[in-house]
Each structure stands twice: as structure tokens, then as C-alpha cells.
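To be precise, the following lines are start.txt, and they hold compact mmCIF, C-alpha atoms.
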# COMPACT_ATOMS: atom_id res chain seq x y z
CA MET A 243 -145.17 129.93 -113.49
CA MET A 244 -144.04 133.48 -114.19
CA LYS A 245 -140.63 135.07 -113.64
CA LEU A 246 -140.54 138.60 -112.29
CA ASN A 247 -137.58 140.86 -111.67
CA VAL A 248 -138.32 142.92 -108.59
CA ASN A 249 -135.69 145.13 -106.98
CA GLY A 250 -132.99 143.37 -108.97
CA ALA A 251 -133.92 139.84 -107.89
CA THR A 252 -135.68 137.21 -110.00
CA HIS A 253 -138.78 135.63 -108.46
CA GLU A 254 -140.93 132.80 -109.75
CA VAL A 255 -144.61 133.14 -108.93
CA ASP A 256 -147.49 130.82 -109.67
CA VAL A 257 -150.43 133.20 -110.07
CA ASP A 258 -153.23 133.90 -112.50
CA PRO A 259 -151.75 136.18 -115.19
CA THR A 260 -154.53 138.72 -114.63
CA THR A 261 -153.66 139.14 -110.94
CA PRO A 262 -152.78 142.76 -110.18
CA LEU A 263 -149.06 143.32 -109.57
CA LEU A 264 -149.90 144.84 -106.19
CA TYR A 265 -151.30 141.53 -104.93
CA VAL A 266 -148.26 139.59 -106.14
CA LEU A 267 -145.89 142.08 -104.48
CA ARG A 268 -147.75 142.00 -101.16
CA ASN A 269 -149.05 138.43 -100.95
CA ASP A 270 -146.45 136.38 -102.80
CA LEU A 271 -143.24 138.40 -102.45
CA LYS A 272 -144.07 139.90 -99.01
CA LEU A 273 -143.11 143.40 -100.16
CA ASN A 274 -145.69 145.38 -98.23
CA ALA A 275 -144.70 149.01 -98.80
CA ALA A 276 -147.05 149.53 -101.76
CA LYS A 277 -150.56 149.83 -100.36
CA PHE A 278 -154.04 149.10 -101.62
CA GLY A 279 -155.81 152.45 -101.57
CA CYS A 280 -158.69 152.80 -104.00
CA GLY A 281 -158.09 149.93 -106.41
CA LEU A 282 -158.96 152.29 -109.26
CA GLY A 283 -155.66 154.04 -109.96
CA GLN A 284 -156.94 157.27 -108.47
CA CYS A 285 -154.90 157.62 -105.26
CA GLY A 286 -151.38 156.34 -106.00
CA ALA A 287 -150.82 154.44 -102.73
CA CYS A 288 -149.87 151.40 -104.85
CA THR A 289 -147.36 153.22 -107.10
CA VAL A 290 -144.23 151.27 -108.07
CA MET A 291 -141.78 151.70 -110.93
CA VAL A 292 -141.75 149.47 -114.00
CA ASP A 293 -138.82 150.04 -116.33
CA GLY A 294 -138.27 153.41 -114.64
CA LYS A 295 -141.84 154.67 -115.01
CA ALA A 296 -144.35 155.10 -112.19
CA VAL A 297 -147.33 152.76 -112.52
CA PHE A 298 -150.38 151.96 -110.43
CA SER A 299 -149.71 148.37 -109.39
CA CYS A 300 -153.38 147.87 -108.48
CA LEU A 301 -154.30 148.23 -112.17
CA THR A 302 -151.32 146.44 -113.74
CA PRO A 303 -151.86 142.74 -114.45
CA VAL A 304 -148.78 140.71 -113.61
CA MET A 305 -148.76 139.24 -117.14
CA LEU A 306 -147.59 142.65 -118.42
CA ILE A 307 -144.61 142.65 -116.06
CA GLU A 308 -142.74 139.52 -117.12
CA GLY A 309 -139.35 140.48 -118.57
CA ARG A 310 -139.52 144.00 -117.15
CA GLN A 311 -137.77 145.64 -114.18
CA VAL A 312 -139.97 146.40 -111.16
CA LYS A 313 -138.76 148.61 -108.33
CA THR A 314 -140.58 149.12 -105.06
CA VAL A 315 -139.68 151.38 -102.16
CA GLU A 316 -137.90 148.39 -100.60
CA GLY A 317 -135.50 148.60 -103.56
CA LEU A 318 -134.49 152.20 -102.83
CA GLY A 319 -132.37 151.34 -99.80
CA THR A 320 -132.27 149.46 -96.53
CA ILE A 321 -132.89 150.34 -92.91
CA ASP A 322 -129.13 150.54 -92.38
CA LYS A 323 -128.42 152.35 -95.65
CA PRO A 324 -131.49 154.24 -96.85
CA GLY A 325 -131.42 155.75 -100.32
CA PRO A 326 -131.51 159.51 -100.97
CA MET A 327 -135.30 159.55 -101.44
CA GLN A 328 -135.85 157.74 -98.16
CA VAL A 329 -133.41 160.01 -96.32
CA ALA A 330 -135.12 163.11 -97.68
CA PHE A 331 -138.59 161.92 -96.67
CA MET A 332 -137.34 161.16 -93.14
CA GLU A 333 -135.44 164.43 -92.75
CA GLU A 334 -138.38 166.48 -93.99
CA GLN A 335 -140.83 164.48 -91.83
CA ALA A 336 -142.99 164.09 -94.90
CA ALA A 337 -145.23 161.39 -93.47
CA GLN A 338 -148.13 161.85 -91.15
CA CYS A 339 -150.06 158.58 -91.26
CA GLY A 340 -147.59 157.23 -93.85
CA TYR A 341 -150.10 155.30 -95.96
CA CYS A 342 -149.32 157.17 -99.18
CA ILE A 343 -145.59 157.60 -98.63
CA ALA A 344 -144.25 154.53 -100.47
CA GLY A 345 -146.27 155.50 -103.54
CA MET A 346 -145.18 159.12 -103.21
CA MET A 347 -141.52 158.07 -103.01
CA MET A 348 -141.79 155.85 -106.06
CA ARG A 349 -143.54 158.52 -108.13
CA ALA A 350 -140.88 161.05 -107.06
CA GLN A 351 -138.07 158.59 -107.79
CA SER A 352 -139.40 158.04 -111.31
CA ILE A 353 -139.61 161.80 -111.89
CA LEU A 354 -136.05 162.43 -110.72
CA GLU A 355 -134.56 159.44 -112.53
CA ALA A 356 -136.14 160.66 -115.78
CA ASN A 357 -135.21 164.30 -115.14
CA PRO A 358 -132.56 164.81 -112.43
CA GLY A 359 -132.82 168.57 -112.84
CA ALA A 360 -136.61 168.72 -112.55
CA THR A 361 -137.83 172.11 -111.40
CA ASP A 362 -140.12 172.47 -108.42
CA ALA A 363 -142.98 173.13 -110.86
CA GLU A 364 -142.16 169.95 -112.80
CA ILE A 365 -142.02 167.97 -109.57
CA ARG A 366 -145.37 169.37 -108.43
CA ALA A 367 -147.00 168.52 -111.78
CA GLY A 368 -145.44 165.05 -111.84
CA MET A 369 -146.61 164.23 -108.32
CA GLU A 370 -150.21 165.18 -109.10
CA PRO A 371 -151.56 161.62 -109.63
CA ASN A 372 -150.69 160.68 -106.03
CA LEU A 373 -152.89 161.81 -103.16
CA CYS A 374 -152.18 162.37 -99.48
CA ARG A 375 -155.33 162.46 -97.41
CA CYS A 376 -153.46 163.82 -94.37
CA GLY A 377 -152.51 166.97 -96.25
CA THR A 378 -148.72 166.76 -95.96
CA HIS A 379 -148.29 167.72 -99.60
CA MET A 380 -146.00 170.64 -98.81
CA ARG A 381 -143.65 168.47 -96.72
CA ILE A 382 -143.73 165.82 -99.45
CA LEU A 383 -142.76 168.41 -102.06
CA SER A 384 -139.97 169.66 -99.78
CA ALA A 385 -138.75 166.08 -99.40
CA VAL A 386 -138.71 165.54 -103.16
CA SER A 387 -136.76 168.77 -103.67
CA LYS A 388 -134.29 167.66 -101.01
CA ALA A 389 -134.05 164.20 -102.64
CA ARG A 390 -133.24 165.90 -105.94
CA GLU A 391 -130.22 167.54 -104.31
CA LEU A 392 -129.17 164.38 -102.43
CA MET A 393 -129.39 162.35 -105.64
CA LYS A 394 -127.21 164.90 -107.45
CA LEU A 395 -124.63 164.65 -104.67
CA ALA A 396 -124.76 160.85 -104.73
CA SER A 397 -124.24 160.74 -108.49
CA ALA A 398 -121.35 163.21 -108.27
CA ALA A 399 -119.64 161.37 -105.38
CA PRO A 400 -118.11 158.51 -107.45
CA ALA A 401 -116.57 161.02 -109.87
CA ALA A 402 -114.97 162.88 -106.95
CA ASN A 403 -113.43 159.64 -105.65
CA GLU A 404 -111.82 158.63 -108.95

Please lay out the structure from this file as C-alpha cells.
Amino acid sequence: MMKLNVNGATHEVDVDPTTPLLYVLRNDLKLNAAKFGCGLGQCGACTVMVDGKAVFSCLTPVMLIEGRQVKTVEGLGTIDKPGPMQVAFMEEQAAQCGYCIAGMMMRAQSILEANPGATDAEIRAGMEPNLCRCGTHMRILSAVSKARELMKLASAAPAANE
């Protein structure tokens, strides 16, 4: 039995320690946003955050995750209260087919959490490992830039209310 912290909640799973994190998220925890794309870490559809860093969950054995913090797109917000990244992707209509979007959001979230003032060039370079086969890269980059501004506003809001 392994204990995993995913989106702030502790889960016990009974899986082979070499099982890819992606399979545990989708099959055991029913968190289906991260997608199986290539299975080789070359497309990014499976991207989640582990301890604040973007990782390919299709390549990450669950045994390396115990005791660490995992965040999936489901942990960014809810349907009723979406997070800044989710809002930005919706407002910029960044998805076409949507298959890559959860991975794109998690890669972008990791970039902006590590560097809230990331430049457009830094965002573009940081997003490079994730692919969109529909070709909505420009809308995705616009969404990430918008999310950067929304996240700045969200972090400044509590200070304004004090």
C-alpha cells in the first residue's frame, strides 16, 4: 500500500511500485484530465506537477512519488471556481480538440509558480516540451500570458483586503 498526496488529499493505493503515475491518477484516483499521449515523454499530454515541477506522469513510476506533492489540473480550481490558469485558457479559447490542454496548463502553472514574472520568451521556451497537434500554440501562449496577469492580481488581492 502506498500513500500519495494528490491535490492536497492523501490517497492510499495498492499498485505495483513501477506503475506509471499517469495510470494511478486515471485508473485508481479517477482524475482523468492528464492524458496518455505517446507514453514516451515526448508530447506532454500527461504533464502534472510534482513538488512544483512539471513532470511527464507517463514516465514517472509511482514509487518515486510517495511523500511528494502531486498537483493535477483538477487541483487548479473547480467548475464553480476555476483557477486563474483555467480562466485564462477558457477566455483565450486556447483549446481546439482539448487533448493537450491539461498538460499545457500544468506546464504553464509550473513555469509561473517558479517565476511569476516570466517573460513571453521564457514562457515560450518553458512550454516547448508540450505539443499541440491542432496548432493552437499561439492561443495557448496568449492564455499563459493572461494567466500570468491573473495570477499576479490574485496574489495581490489578499494584500489589498488587509

(request) Determine, counting only C-alpha atoms, which protein, DNA and RNA residues have an atom within 12 Å of an atom of Lys313 (chain A); residues of the same chain fewer than 6 positions away are not included. Present the result as number ranges by chain. (result) A: 246-252, 263-264, 267, 273, 275-276, 288-297, 299, 307, 319, 344-345, 347-349, 351-352

(message) What does the structure give for the distance between CA of Gln328 (chain A) and CA of Thr302 (chain A), in Å to one decimal?
(response)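 Rounded to one decimal, the two atoms are 24.7 Å apart.
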
(request) Rounded to one decimal place, report the CA of Val329 (chain A)-CA of Asp270 (chain A) distance in Å. (result)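 For CA of Val329 (chain A) relative to CA of Asp270 (chain A), the distance reads 27.8 Å.
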
(request) Have a look at A:Leu373, A:Lys323, A:Val266, A:Ala363 and name the one nearest to Cys300 (chain A); count only C-alpha atoms. (result)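 Of A:Leu373, A:Lys323, A:Val266, A:Ala363, the one nearest Cys300 (chain A) is A:Val266, counting only C-alpha atoms.
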
(request) May I ask which of the residues A:Asp256, A:Gly359, A:Ile343, A:Glu334 is the closest one to Met380 (chain A), counting all atoms listed in the file? (result)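 Of A:Asp256, A:Gly359, A:Ile343, A:Glu334, the one nearest Met380 (chain A) is A:Glu334, counting all atoms listed in the file.
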
(message) Using all atoms listed in the file, can you tell me which of A:Ala399, A:Phe298, A:Gly283, A:Val304 comes closest to Val257 (chain A)?
(response) A:Val304

(request) List the residues sitting within 12 Å of (-144.7, 169.7, -99.1) in the file's frame, using only C-alpha atoms, as number ranges by chain. (result) A: 330-331, 334-338, 346, 362, 365-366, 369, 374, 376-388

(request) Tell me, in Å to one decimal, how far CA of Cys342 (chain A) is from CA of Met305 (chain A). (result)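 These two atoms are separated by 25.4 Å.
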
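Closest approach to Glu391 (chain A) from the set A:Gly281, A:Glu316, A:Pro303, A:Ala360 is made by A:Ala360, with distances taken over only C-alpha atoms.
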
(request) Identify which of the residues A:Tyr341, A:Met393, A:Pro371, A:Gly286 lies closest to Asn357 (chain A), counting only C-alpha atoms when measuring atom-to-atom distances. (result) A:Met393

(request) Find the residue from A:His253, A:Pro324, A:Leu301, A:Glu333 that sits nearest to Gly279 (chain A); use all atoms listed in the file when measuring. (result) A:Leu301
